[in-house]
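Participant: I'd like to ask you about the structure that follows.
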Amino acid sequence: MKPDWDKLMEEFAGSSTQLVADVDCTTDGKPLCESNGVRGYPTIKWGDPSALEDYQGGRDFNSLKAFADENLKPVCSPSNIDLCDDDKKAEIEKLQAMSAADLDAAIAGEEKKLSEAEEEFKAEVQKLQNKYQELMKEKEEKEAAVKAAGLGLMKAVKASNAKEAKDEL
């Protein structure tokens with residue numbers, strides 16, 4: 001993916017409204033990565049710098065370029081309110097009218113919902129993992145019981161009988 005990403009960065013290098021860049025999350029870029037929810041590498045984010053979204057598309061040059069051409073442009077935001085429809089403008093104005101404390105509380109509330117969703121997801125995945133391990137153990141026990149009941153010996157006798165019948169011909 002790295003060569004395709006580097007090629008994409010070159011394509012958008014001179015743009016005044018589009019940024020395609022990479023960040024080393026293991027060194028100086030670590031705080032930026034942490035503040036944007038980067039947990040694995042490589043991770044591709046896009047959108048408003050204050051509210052980046054996860055990229056879910058293909059990772060070859062053509063897919064990346066098509067996505068960038070379609071999506072990397074100024075979008076509705078508090079800094080580009082002229083690009084917003086009336087509903088989004090009203091929503092932004094409502095949020096701008098909130099006190100800093102109220103806005104912080106609203107953000108914390110929504111982030112708590114995300115955190116709870118992540119915790120629920122992890123708990124449910126753990127249940128699946130536990131069930132998988134339980135089923136795997138049961139399967140292995142059944143396989144061992146079948147083998148202990150003489151399956152291998154049965155197959156050996158069958159093979160021997162087939163060989164004897166072949167030798168008789």
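Labels for the structure tokens follow display order: chains A, B, ..., residues from 1 in each chain, ligands from 1.
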Dump as CSV the rows for residues of region 37-110 of chain A within 9 Å of region 3-14 of chain A: closest atom pair and distance in Å with one decimal, only C-alpha atoms counted, ordered by chain and rising residue number.

Facilitator:
residue,atom,partner,partner_atom,distance
A:Arg59,CA,A:Asp4,CA,7.9
A:Asp60,CA,A:Asp4,CA,6.2
A:Phe61,CA,A:Asp4,CA,4.8
A:Asn62,CA,A:Asp4,CA,8.5
A:Leu64,CA,A:Leu8,CA,7.4
A:Lys65,CA,A:Leu8,CA,6.5
A:Ala68,CA,A:Leu8,CA,8.7

Participant: Using all heavy atoms, can you write the selected residues to a file as a tab-separated table (two decimals), in the first residue's frame?

Facilitator:
chain	number	residue	atom	x	y	z
A	59	ARG	N	-7.50	-0.21	-1.11
A	59	ARG	CA	-6.21	0.37	-0.74
A	59	ARG	C	-5.21	0.40	-1.88
A	59	ARG	O	-4.04	0.66	-1.68
A	59	ARG	CB	-5.64	-0.38	0.46
A	59	ARG	CG	-6.61	-0.18	1.64
A	59	ARG	CD	-6.00	-0.44	2.93
A	59	ARG	NE	-6.91	0.01	3.98
A	59	ARG	CZ	-6.51	0.46	5.13
A	59	ARG	NH1	-5.24	0.55	5.39
A	59	ARG	NH2	-7.37	0.83	6.03
A	60	ASP	N	-5.70	0.16	-3.08
A	60	ASP	CA	-4.84	0.30	-4.26
A	60	ASP	C	-4.94	1.74	-4.76
A	60	ASP	O	-5.85	2.47	-4.38
A	60	ASP	CB	-5.27	-0.68	-5.35
A	60	ASP	CG	-6.70	-0.42	-5.79
A	60	ASP	OD1	-7.64	-0.81	-5.06
A	60	ASP	OD2	-6.89	0.21	-6.84
A	61	PHE	N	-4.02	2.15	-5.60
A	61	PHE	CA	-3.97	3.55	-6.05
A	61	PHE	C	-5.27	4.00	-6.69
A	61	PHE	O	-5.78	5.07	-6.39
A	61	PHE	CB	-2.79	3.78	-7.01
A	61	PHE	CG	-2.78	5.17	-7.55
A	61	PHE	CD1	-2.35	6.24	-6.76
A	61	PHE	CD2	-3.26	5.45	-8.83
A	61	PHE	CE1	-2.37	7.54	-7.24
A	61	PHE	CE2	-3.28	6.75	-9.31
A	61	PHE	CZ	-2.84	7.80	-8.52
A	62	ASN	N	-5.81	3.19	-7.59
A	62	ASN	CA	-7.02	3.62	-8.30
A	62	ASN	C	-8.20	3.85	-7.35
A	62	ASN	O	-8.94	4.82	-7.51
A	62	ASN	CB	-7.39	2.61	-9.39
A	62	ASN	CG	-6.40	2.62	-10.54
A	62	ASN	OD1	-5.72	3.61	-10.78
A	62	ASN	ND2	-6.31	1.51	-11.24
A	64	LEU	N	-7.99	4.56	-4.07
A	64	LEU	CA	-7.65	5.73	-3.25
A	64	LEU	C	-7.85	7.02	-4.04
A	64	LEU	O	-8.42	7.99	-3.52
A	64	LEU	CB	-6.21	5.63	-2.75
A	64	LEU	CG	-5.92	4.51	-1.74
A	64	LEU	CD1	-4.42	4.29	-1.61
A	64	LEU	CD2	-6.55	4.83	-0.40
A	65	LYS	N	-7.41	7.04	-5.28
A	65	LYS	CA	-7.50	8.24	-6.12
A	65	LYS	C	-8.96	8.58	-6.40
A	65	LYS	O	-9.38	9.75	-6.30
A	65	LYS	CB	-6.74	8.03	-7.42
A	65	LYS	CG	-6.85	9.17	-8.43
A	65	LYS	CD	-5.92	10.30	-8.12
A	65	LYS	CE	-5.76	11.27	-9.25
A	65	LYS	NZ	-6.75	12.31	-9.37
A	68	ALA	N	-10.46	10.01	-3.25
A	68	ALA	CA	-9.93	11.34	-2.97
A	68	ALA	C	-10.56	12.37	-3.91
A	68	ALA	O	-10.97	13.45	-3.48
A	68	ALA	CB	-8.41	11.35	-3.10

Participant: Tell me, counting only C-alpha atoms, for each residue of region 60-160 of chain A within 9 Å of region 32-50 of chain A, which pair of atoms is nearest and how far apart they are in Å to one decimal, in rows ordered by chain and increasing number, as CSV.

Facilitator:
residue,atom,partner,partner_atom,distance
A:Ala68,CA,A:Trp46,CA,8.9
A:Asn71,CA,A:Gly47,CA,7.8
A:Leu72,CA,A:Gly47,CA,6.9
A:Lys73,CA,A:Gly47,CA,8.4
A:Pro74,CA,A:Asp48,CA,8.2
A:Val75,CA,A:Asp48,CA,7.3
A:Cys76,CA,A:Asp48,CA,8.7
A:Ser77,CA,A:Asp48,CA,7.5

Participant: Find the spatial neighbours of region 90-100 of chain A, counting only C-alpha atoms, within a cut-off of 12 Å - ignore same-chain residues fewer than 3 positions away - and output them as a PyMOL selection string.

Facilitator: chain A and resi 76-82+84-87+103-107

Participant: Store the residues of this selection in a file with N, CA, C and O atoms, as a CSV table (one decimal), in the first residue's frame.

Facilitator:
chain,number,residue,atom,x,y,z
A,76,CYS,N,-19.2,21.1,4.4
A,76,CYS,CA,-19.9,21.9,5.4
A,76,CYS,C,-19.3,21.7,6.8
A,76,CYS,O,-19.0,20.6,7.2
A,77,SER,N,-19.0,22.8,7.4
A,77,SER,CA,-18.4,22.8,8.7
A,77,SER,C,-18.5,24.2,9.3
A,77,SER,O,-18.8,25.1,8.6
A,78,PRO,N,-18.2,24.4,10.6
A,78,PRO,CA,-18.2,25.7,11.1
A,78,PRO,C,-17.3,26.7,10.3
A,78,PRO,O,-17.7,27.9,10.2
A,79,SER,N,-16.2,26.2,9.8
A,79,SER,CA,-15.3,27.1,9.1
A,79,SER,C,-15.7,27.2,7.6
A,79,SER,O,-15.2,28.1,6.9
A,80,ASN,N,-16.7,26.4,7.1
A,80,ASN,CA,-17.2,26.5,5.7
A,80,ASN,C,-18.7,26.5,5.8
A,80,ASN,O,-19.3,25.7,5.0
A,81,ILE,N,-19.3,27.3,6.5
A,81,ILE,CA,-20.8,27.3,6.7
A,81,ILE,C,-21.5,27.6,5.4
A,81,ILE,O,-22.6,27.2,5.3
A,82,ASP,N,-20.9,28.3,4.5
A,82,ASP,CA,-21.5,28.6,3.2
A,82,ASP,C,-21.7,27.4,2.4
A,82,ASP,O,-22.6,27.4,1.5
A,84,CYS,N,-23.0,24.6,3.7
A,84,CYS,CA,-24.0,23.8,4.4
A,84,CYS,C,-25.4,24.1,3.9
A,84,CYS,O,-25.7,25.2,3.5
A,85,ASP,N,-26.3,23.1,4.0
A,85,ASP,CA,-27.7,23.3,3.7
A,85,ASP,C,-28.3,23.9,4.9
A,85,ASP,O,-27.7,24.1,6.0
A,86,ASP,N,-29.6,24.3,4.8
A,86,ASP,CA,-30.2,25.1,5.9
A,86,ASP,C,-30.3,24.3,7.2
A,86,ASP,O,-30.1,24.8,8.3
A,87,ASP,N,-30.6,23.0,7.1
A,87,ASP,CA,-30.7,22.1,8.3
A,87,ASP,C,-29.3,22.1,9.0
A,87,ASP,O,-29.3,22.2,10.2
A,103,LEU,N,-21.4,22.5,25.8
A,103,LEU,CA,-20.8,21.8,24.6
A,103,LEU,C,-19.9,20.7,25.0
A,103,LEU,O,-20.0,19.6,24.5
A,104,ASP,N,-19.0,21.0,26.0
A,104,ASP,CA,-18.2,19.9,26.6
A,104,ASP,C,-19.0,18.8,27.1
A,104,ASP,O,-18.6,17.6,26.9
A,105,ALA,N,-20.1,19.1,27.8
A,105,ALA,CA,-20.9,18.0,28.4
A,105,ALA,C,-21.6,17.2,27.3
A,105,ALA,O,-21.7,16.0,27.4
A,106,ALA,N,-22.0,17.9,26.2
A,106,ALA,CA,-22.7,17.2,25.1
A,106,ALA,C,-21.7,16.3,24.4
A,106,ALA,O,-22.0,15.1,24.1
A,107,ILE,N,-20.4,16.8,24.2
A,107,ILE,CA,-19.4,16.0,23.6
A,107,ILE,C,-19.1,14.8,24.5
A,107,ILE,O,-19.0,13.6,24.0

Participant: To one decimal in Å, tell me the separation between CA of Leu19 (chain A) and CA of Leu52 (chain A).

Facilitator: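 Separation between CA of Leu19 (chain A) and CA of Leu52 (chain A): 12.5 Å.
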